[in-house]
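As provided, data.txt (compact mmCIF, C-alpha atoms) reads as follows.
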# COMPACT_ATOMS: atom_id res chain seq x y z
CA MET X 214 98.60 95.08 117.66
CA LEU X 215 95.65 93.69 115.67
CA PRO X 216 97.71 91.37 113.39
CA LYS X 217 99.44 89.92 116.47
CA LEU X 218 96.09 89.16 118.11
CA ARG X 219 94.82 87.39 115.00
CA LYS X 220 97.96 85.24 114.81
CA LEU X 221 97.57 84.30 118.47
CA MET X 222 94.04 83.06 117.85
CA ARG X 223 95.02 81.06 114.77
CA ASP X 224 98.09 79.48 116.38
CA ASN X 225 96.39 78.38 119.59
CA GLY X 226 92.84 77.68 118.50
CA VAL X 227 91.74 79.54 121.60
CA GLY X 228 89.07 82.17 122.02
CA TRP X 229 87.26 84.12 124.68
CA PHE X 230 83.55 84.75 124.81
CA LEU X 231 81.18 86.84 126.90
CA GLN X 232 78.48 85.28 129.04
CA ASN X 233 76.55 86.97 131.86
CA GLY X 234 79.00 89.85 131.83
CA ALA X 235 82.05 87.57 132.19
CA LEU X 236 84.76 86.44 129.79
CA PHE X 237 85.28 82.68 129.50
CA LEU X 238 87.89 80.61 127.70
CA SER X 239 86.83 78.48 124.72
CA THR X 240 89.23 75.79 123.50
CA LYS X 241 87.10 74.74 120.54
CA GLN X 242 88.74 75.68 117.27
CA ALA X 243 85.42 75.89 115.51
CA THR X 244 82.25 77.09 117.24
CA MET X 245 78.89 77.07 115.51
CA ALA X 246 77.53 80.60 115.69
CA ARG X 247 74.04 81.11 117.02
CA LYS X 248 71.42 81.98 114.48
CA SER X 249 69.76 85.25 115.31
CA PRO X 250 67.27 87.65 113.74
CA GLY X 251 70.22 90.03 113.24
CA SER X 252 72.19 87.66 111.03
CA HIS X 253 71.04 89.47 107.90
CA LYS X 254 72.40 92.74 109.32
CA VAL X 255 75.93 91.40 109.69
CA GLN X 256 75.82 89.89 106.22
CA ALA X 257 74.38 93.11 104.80
CA LEU X 258 77.16 95.06 106.49
CA TYR X 259 79.83 92.81 105.00
CA ASP X 260 78.24 93.01 101.53
CA LEU X 261 78.04 96.80 101.68
CA CYS X 262 81.66 97.09 102.86
CA ARG X 263 82.81 94.83 100.03
CA LYS X 264 81.04 97.02 97.49
CA THR X 265 82.21 100.28 99.06
CA PHE X 266 85.89 99.88 99.96
CA THR X 267 89.08 99.27 97.97
CA PRO X 268 92.53 98.02 99.08
CA SER X 269 94.14 101.39 98.33
CA GLY X 270 91.46 103.57 99.90
CA THR X 271 90.96 105.36 96.59
CA PRO X 272 88.90 106.95 95.29
CA PRO X 273 87.95 108.81 98.49
CA LEU X 274 84.74 107.64 100.13
CA SER X 275 81.75 109.66 98.96
CA SER X 276 79.38 111.24 101.45
CA HIS X 277 76.56 109.11 100.01
CA SER X 278 78.51 105.88 100.61
CA ALA X 279 79.44 106.97 104.13
CA GLN X 280 75.82 107.75 104.93
CA LYS X 281 74.66 104.35 103.68
CA LEU X 282 77.13 102.59 105.96
CA CYS X 283 76.19 104.78 108.92
CA SER X 284 72.49 104.10 108.38
CA LEU X 285 73.09 100.35 108.45
CA LEU X 286 75.47 100.46 111.42
CA ASP X 287 72.95 102.55 113.37
CA THR X 288 70.54 99.58 113.32
CA ILE X 289 73.04 97.09 114.78
CA GLY X 290 72.96 96.18 118.46
CA PRO X 291 74.89 93.77 120.73
CA ALA X 292 72.75 90.71 119.95
CA ASP X 293 73.24 91.19 116.20
CA VAL X 294 76.98 90.45 116.59
CA GLY X 295 76.69 87.71 119.20
CA LEU X 296 77.15 89.78 122.37
CA PRO X 297 74.67 88.91 125.12
CA GLU X 298 72.39 91.70 126.26
CA ASP X 299 73.40 91.06 129.90
CA ALA X 300 77.09 91.83 129.21
CA LEU X 301 76.46 95.27 130.65
CA GLU X 302 76.87 94.34 134.35
CA ASP X 303 79.18 96.68 136.22
CA ASP X 304 82.85 95.77 136.73
CA ARG X 305 84.38 98.79 138.44
CA GLY X 306 86.92 96.81 140.43
CA HIS X 307 84.47 94.71 142.47
CA GLY X 308 84.22 90.95 142.51
CA PHE X 309 85.83 88.40 140.23
CA PHE X 310 85.13 86.52 137.04
CA GLY X 311 86.50 83.30 135.61
CA LEU X 312 85.96 79.60 135.12
CA ASN X 313 86.00 78.70 138.81
CA ARG X 314 87.27 79.81 142.20
CA LEU X 315 90.72 78.36 141.52
CA ASP X 316 91.11 80.17 138.21
CA ARG X 317 89.73 83.63 138.67
CA VAL X 318 91.03 87.08 137.85
CA PRO X 319 90.36 90.39 139.61
CA ARG X 320 87.99 92.53 137.59
CA TRP X 321 90.41 95.45 137.80
CA ALA X 322 92.93 93.30 135.87
CA GLN X 323 90.59 92.70 132.96
CA PRO X 324 92.02 93.43 129.52
CA ILE X 325 90.28 94.91 126.51
CA THR X 326 88.99 92.06 124.38
CA TYR X 327 89.45 92.28 120.61
CA VAL X 328 86.97 90.28 118.50
CA ASP X 329 87.90 89.80 114.85
CA ILE X 330 84.82 89.45 112.63
CA HIS X 331 86.43 89.72 109.19
CA GLU X 332 89.49 91.15 107.50
CA CYS X 333 90.45 91.37 103.85
CA GLU X 334 92.67 93.68 101.79
CA SER X 335 89.97 96.36 101.69
CA PHE X 336 88.54 96.50 105.22
CA THR X 337 88.48 95.17 108.77
CA MET X 338 85.33 94.42 110.79
CA CYS X 339 86.00 94.02 114.51
CA ILE X 340 84.69 94.62 118.04
CA PHE X 341 86.45 96.00 121.10
CA CYS X 342 84.96 95.03 124.48
CA PHE X 343 86.09 97.32 127.33
CA PRO X 344 85.88 96.90 131.08
CA THR X 345 85.26 100.11 133.03
CA SER X 346 88.19 102.57 132.91
CA ALA X 347 90.07 100.67 130.19
CA VAL X 348 91.89 102.89 127.70
CA ILE X 349 93.09 102.58 124.12
CA PRO X 350 95.67 105.40 124.07
CA LEU X 351 95.89 108.16 121.48
CA HIS X 352 96.79 106.64 118.09
CA ASP X 353 96.42 107.40 114.39
CA HIS X 354 94.83 105.84 111.30
CA PRO X 355 97.07 106.94 108.40
CA GLY X 356 95.15 107.22 105.14
CA MET X 357 92.22 105.32 106.67
CA THR X 358 88.50 105.83 107.21
CA VAL X 359 87.00 104.36 110.39
CA PHE X 360 83.35 103.85 111.35
CA SER X 361 82.71 103.30 115.07
CA LYS X 362 79.38 102.21 116.60
CA VAL X 363 79.01 101.95 120.38
CA LEU X 364 76.98 98.78 120.96
CA TYR X 365 76.43 99.14 124.69
CA GLY X 366 77.72 101.26 127.55
CA SER X 367 79.45 104.66 127.59
CA LEU X 368 82.76 105.61 125.99
CA HIS X 369 84.72 108.86 126.13
CA VAL X 370 86.32 109.79 122.81
CA LYS X 371 89.01 112.43 122.48
CA ALA X 372 90.31 113.00 118.96
CA TYR X 373 92.53 115.34 116.97
CA ASP X 374 93.31 116.18 113.37
CA TRP X 375 96.67 117.50 112.22
CA VAL X 376 96.88 121.25 111.64
CA GLU X 377 97.77 121.93 108.00
CA PRO X 378 100.19 123.11 106.85
CA ALA X 379 102.12 121.05 109.37
CA ARG X 380 103.49 122.96 112.34
CA ILE X 381 106.37 121.06 113.94
CA LEU X 382 108.66 122.06 116.80
CA ASN X 383 111.73 120.29 118.10
CA LYS X 384 111.48 120.17 121.89
CA SER X 385 113.63 117.25 123.08
CA GLY X 386 112.12 115.51 120.08
CA PRO X 387 109.63 116.59 117.43
CA VAL X 388 106.12 117.66 118.41
CA ARG X 389 103.41 118.48 115.89
CA LEU X 390 100.36 120.67 116.35
CA GLY X 391 96.94 119.03 116.32
CA LYS X 392 93.48 120.53 116.61
CA LEU X 393 90.82 119.01 118.85
CA ALA X 394 88.04 117.50 116.74
CA VAL X 395 86.08 115.41 119.27
CA ASP X 396 85.81 115.44 123.06
CA ASN X 397 82.57 113.67 123.86
CA VAL X 398 81.03 110.79 125.77
CA LEU X 399 79.12 108.39 123.51
CA THR X 400 76.41 106.35 125.21
CA ALA X 401 74.46 103.59 123.47
CA PRO X 402 72.15 103.78 121.70
CA CYS X 403 73.82 106.46 119.63
CA THR X 404 74.64 107.19 116.02
CA THR X 405 77.77 105.96 114.26
CA SER X 406 80.91 108.11 114.34
CA VAL X 407 83.21 108.44 111.33
CA LEU X 408 86.79 109.62 111.06
CA TYR X 409 88.51 110.27 107.73
CA PRO X 410 92.17 110.48 106.68
CA ASN X 411 92.32 114.25 107.34
CA THR X 412 89.14 115.13 109.23
CA GLY X 413 86.77 113.85 111.88
CA GLY X 414 89.46 113.12 114.47
CA ASN X 415 91.90 110.74 112.76
CA LEU X 416 93.98 110.48 115.94
CA HIS X 417 91.80 109.31 118.80
CA CYS X 418 91.80 107.93 122.33
CA PHE X 419 89.06 105.72 123.84
CA THR X 420 88.30 105.56 127.58
CA ALA X 421 85.53 103.32 128.92
CA ILE X 422 83.20 105.17 131.30
CA THR X 423 81.25 101.94 131.88
CA PRO X 424 81.62 98.43 130.47
CA CYS X 425 81.14 99.00 126.75
CA ALA X 426 81.67 97.55 123.30
CA VAL X 427 82.48 99.24 119.99
CA LEU X 428 81.97 97.83 116.51
CA ASP X 429 84.64 99.20 114.17
CA ILE X 430 84.97 99.20 110.39
CA LEU X 431 88.43 100.27 109.21
CA SER X 432 89.31 100.83 105.57
CA PRO X 433 91.81 100.14 104.30
CA PRO X 434 93.24 98.03 107.17
CA TYR X 435 96.47 98.74 108.98
CA ARG X 436 99.36 97.52 106.85
CA GLU X 437 102.92 98.62 107.54
CA ASP X 438 104.33 97.88 104.07
CA ALA X 439 101.66 100.18 102.61
CA GLY X 440 102.51 103.00 105.02
CA ARG X 441 99.59 102.33 107.36
CA ARG X 442 101.38 101.69 110.66
CA CYS X 443 99.58 102.40 113.93
CA THR X 444 101.50 105.10 115.82
CA TYR X 445 100.82 106.15 119.41
CA TYR X 446 101.07 109.72 120.70
CA CYS X 447 101.18 111.76 123.88
CA ASP X 448 99.29 115.06 123.85
CA TYR X 449 100.52 118.21 125.58
CA PRO X 450 98.60 121.45 126.19
CA TYR X 451 99.24 124.15 123.61
CA SER X 452 100.86 126.40 126.20
CA THR X 453 103.53 123.80 126.96
CA PHE X 454 105.60 124.83 123.93
CA SER X 455 103.89 128.04 122.75
CA ASN X 456 104.37 130.74 125.34
CA GLU X 457 105.37 133.28 122.67
CA ASP X 458 102.43 132.59 120.39
CA GLU X 459 99.27 132.46 122.47
CA LYS X 460 95.94 131.53 120.91
CA SER X 461 92.62 132.80 122.19
CA ASP X 462 91.22 129.28 121.75
CA GLU X 463 94.34 127.38 122.78
CA GLU X 464 92.24 124.77 124.62
CA ASN X 465 91.31 123.48 121.15
CA TYR X 466 94.94 122.74 120.25
CA ALA X 467 97.58 120.34 121.55
CA TRP X 468 101.13 119.32 120.70
CA LEU X 469 101.36 115.63 119.82
CA ALA X 470 104.57 113.67 120.33
CA GLU X 471 105.10 110.18 118.95
CA THR X 472 105.65 107.51 121.60
CA SER X 473 106.20 103.76 121.73
CA THR X 474 103.34 101.28 122.17
CA PRO X 475 102.27 101.69 125.82
CA ASP X 476 103.40 98.86 128.11
CA ASP X 477 100.10 98.91 129.95
CA LEU X 478 97.96 98.41 126.84
CA TYR X 479 96.48 95.05 127.85
CA MET X 480 94.49 93.44 125.04
CA ARG X 481 93.59 89.85 124.26
CA PRO X 482 91.77 88.09 121.41
CA GLY X 483 88.13 87.09 121.71
CA LYS X 484 85.98 84.64 119.79
CA TYR X 485 83.37 86.01 117.40
CA ASN X 486 80.13 84.36 118.45
CA GLY X 487 77.74 86.11 116.07
CA PRO X 488 76.09 85.06 112.82
CA PRO X 489 78.50 83.64 110.22
CA ILE X 490 79.34 85.72 107.16
CA GLN X 491 79.11 84.27 103.66
CA VAL X 492 82.24 85.54 101.94

Show me the file's structure as structure tokens.
Amino acid sequence: MLPKLRKLMRDNGVGWFLQNGALFLSTKQATMARKSPGSHKVQALYDLCRKTFTPSGTPPLSSHSAQKLCSLLDTIGPADVGLPEDALEDDRGHGFFGLNRLDRVPRWAQPITYVDIHECESFTMCIFCFPTSAVIPLHDHPGMTVFSKVLYGSLHVKAYDWVEPARILNKSGPVRLGKLAVDNVLTAPCTTSVLYPNTGGNLHCFTAITPCAVLDILSPPYREDAGRRCTYYCDYPYSTFSNEDEKSDEENYAWLAETSTPDDLYMRPGKYNGPPIQV
């Protein structure tokens, strides 16, 4: 999904940007980023990521390095990455947005907007901007560490880790047991969340409670030829396939079945409008 969005932006020289809570089309191939007091934060974040991460994801990230990144991310707000403070206006299926009356889109048809800040072999820096009720379905991050900072709004996060040793059943297709790691609503301002290759909720689903934006750092990036392909899953209650082996805490477990990329996952590329990064 993410590589396709980046190619679309490069091929068409087209971007989308937020203004007064609306998304507008920009046909300029190069847009001078606004200077802001937060420009040093974005540069500092890039510099720290470059020092911290490797293309292979090894050696494993130390707790000290993770804490340093979290401490820096905790200081970053919408304006620091070029998102206007008034992008928080409500969009729960009322009204329209667009360039003019002849080219407007219902708010309930709004996609998730993906903003690419930087990507290299070692890490990805990006932002997801959600309208109310938008969902990124349950998916994994194989061998990856992901830092997520909610910049504005409220986001429900539901996440699992695989139960080890692996427990797999064949019920009209394989299902594998996962244990619930996160089931919370994150509301800005809040601290940074981290998931690791085997802990912290490596398989997660995002649902926007209100209009919201999330700054993500992924390391190493998705890369299919390195075994890091994004896979989507459906989750089923533990009791669905486990009537003969009941757990007293079965609400903390679910059977996860691999599925194809959802047809209703509507995402489009956006233009990064924050401070430029010196690479």

Taking a cut-off of 10 Å and counting all atoms listed in the file, can you build a table that, for each residue of stretch 402-449 of chain X near stretch 358-370 of chain X, reports the nearest atom pair and how far apart they are in Å (one decimal), sorted by chain then residue number, as a tab-separated table?
residue	atom	partner	partner_atom	distance
X:Pro402	CA	X:Tyr365	CA	7.0
X:Cys403	CA	X:Val363	CA	6.9
X:Thr404	CA	X:Lys362	CA	6.9
X:Thr405	CA	X:Lys362	CA	4.7
X:Ser406	CA	X:Ser361	CA	5.2
X:Val407	CA	X:Phe360	CA	4.6
X:Leu408	CA	X:Val359	CA	5.3
X:Tyr409	CA	X:Thr358	CA	4.5
X:Pro410	CA	X:Thr358	CA	5.9
X:Asn411	CA	X:Thr358	CA	9.2
X:Thr412	CA	X:Thr358	CA	9.5
X:Gly413	CA	X:Thr358	CA	9.4
X:Gly414	CA	X:Val370	CA	9.5
X:Asn415	CA	X:Thr358	CA	8.2
X:His417	CA	X:Val370	CA	6.8
X:Cys418	CA	X:Val370	CA	5.8
X:Phe419	CA	X:Val370	CA	5.0
X:Thr420	CA	X:His369	CA	5.1
X:Ala421	CA	X:Leu368	CA	4.6
X:Ile422	CA	X:Ser367	CA	5.3
X:Thr423	CA	X:Ser367	CA	5.4
X:Pro424	CA	X:Gly366	CA	5.6
X:Cys425	CA	X:Gly366	CA	4.2
X:Ala426	CA	X:Leu364	CA	5.4
X:Val427	CA	X:Val363	CA	4.4
X:Leu428	CA	X:Lys362	CA	5.1
X:Asp429	CA	X:Ser361	CA	4.6
X:Ile430	CA	X:Phe360	CA	5.0
X:Leu431	CA	X:Val359	CA	4.5
X:Ser432	CA	X:Thr358	CA	5.3
X:Pro433	CA	X:Thr358	CA	7.2
X:Pro434	CA	X:Thr358	CA	9.1

* To do: Would you please work out which residue, of X:Cys447, X:Cys333, X:Cys342, X:Val348, is nearest to X:Gly483 when using only C-alpha atoms?
  =>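 So, comparing all the options, the nearest one is X:Cys342.
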
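Between atom CA of X:Pro273 and atom CA of X:Thr337 the separation is 17.1 Å.
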
* Select, from X:Asp477, X:Asp293, X:Asp438, X:Glu463, the residue with the minimum atom-to-atom distance to X:Ile325, counting all atoms listed in the file. => X:Asp477

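Counting from atom CA of X:Ser473, the distance to atom CA of X:Cys443 is 10.3 Å.
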
* Asked: Near X:Tyr451, within 8 Å and counting only C-alpha atoms, which residues show up once chain neighbours fewer than 2 positions away are dropped, as a ChimeraX atom specification?
  -> /X:449,453-455,463-464,466-468

* From the set X:Ala379, X:Val255, X:Leu261, X:Ile330, which residue has the shortest atom-to-atom contact distance to X:Ile289, counting all atoms listed in the file? ->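 Comparing X:Ala379, X:Val255, X:Leu261, X:Ile330 against X:Ile289, the winner is X:Val255.
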
* Return the single residue from X:Ala372, X:Ala257, X:Leu382, X:Val294 that is closest to X:Leu351, with distances computed using only C-alpha atoms. =>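 Among the listed residues, the smallest separation from X:Leu351 belongs to X:Ala372.
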
* Asked: Expressed in Å to a single decimal, how great is the separation between atom CA of X:Ser385 and atom CA of X:Glu437?
  ->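 That distance, rounded to one decimal, is 26.5 Å.
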
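If you count all atoms listed in the file and ignore residues fewer than 6 places along the chain from X:His277, what sits within 12 Å of it is X:Thr265, X:Cys283, X:Ser284.
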
Write out as a PDB file with C-alpha atoms, in the coordinates of the input the residues lying within 9 Å of stretch 258-260 of chain X, counting only C-alpha atoms and excluding same-chain residues fewer than 4 positions away.
ATOM      1  CA  HIS X 253      71.040  89.470 107.900  1.00  0.00           C
ATOM      2  CA  LYS X 254      72.400  92.740 109.320  1.00  0.00           C
ATOM      3  CA  LYS X 264      81.040  97.020  97.490  1.00  0.00           C
ATOM      4  CA  THR X 265      82.210 100.280  99.060  1.00  0.00           C
ATOM      5  CA  LEU X 282      77.130 102.590 105.960  1.00  0.00           C
ATOM      6  CA  LEU X 285      73.090 100.350 108.450  1.00  0.00           C
ATOM      7  CA  LEU X 286      75.470 100.460 111.420  1.00  0.00           C
ATOM      8  CA  HIS X 331      86.430  89.720 109.190  1.00  0.00           C
ATOM      9  CA  MET X 338      85.330  94.420 110.790  1.00  0.00           C
ATOM     10  CA  ILE X 490      79.340  85.720 107.160  1.00  0.00           C
ATOM     11  CA  GLN X 491      79.110  84.270 103.660  1.00  0.00           C
ATOM     12  CA  VAL X 492      82.240  85.540 101.940  1.00  0.00           C
TER      13      VAL X 492
END

* For X:Asn465, which residue out of X:Ile340, X:Leu393, X:Leu399, X:Met480 is the nearest one, using all atoms listed in the file? ->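 Among the listed residues, X:Leu393 lies closest to X:Asn465.
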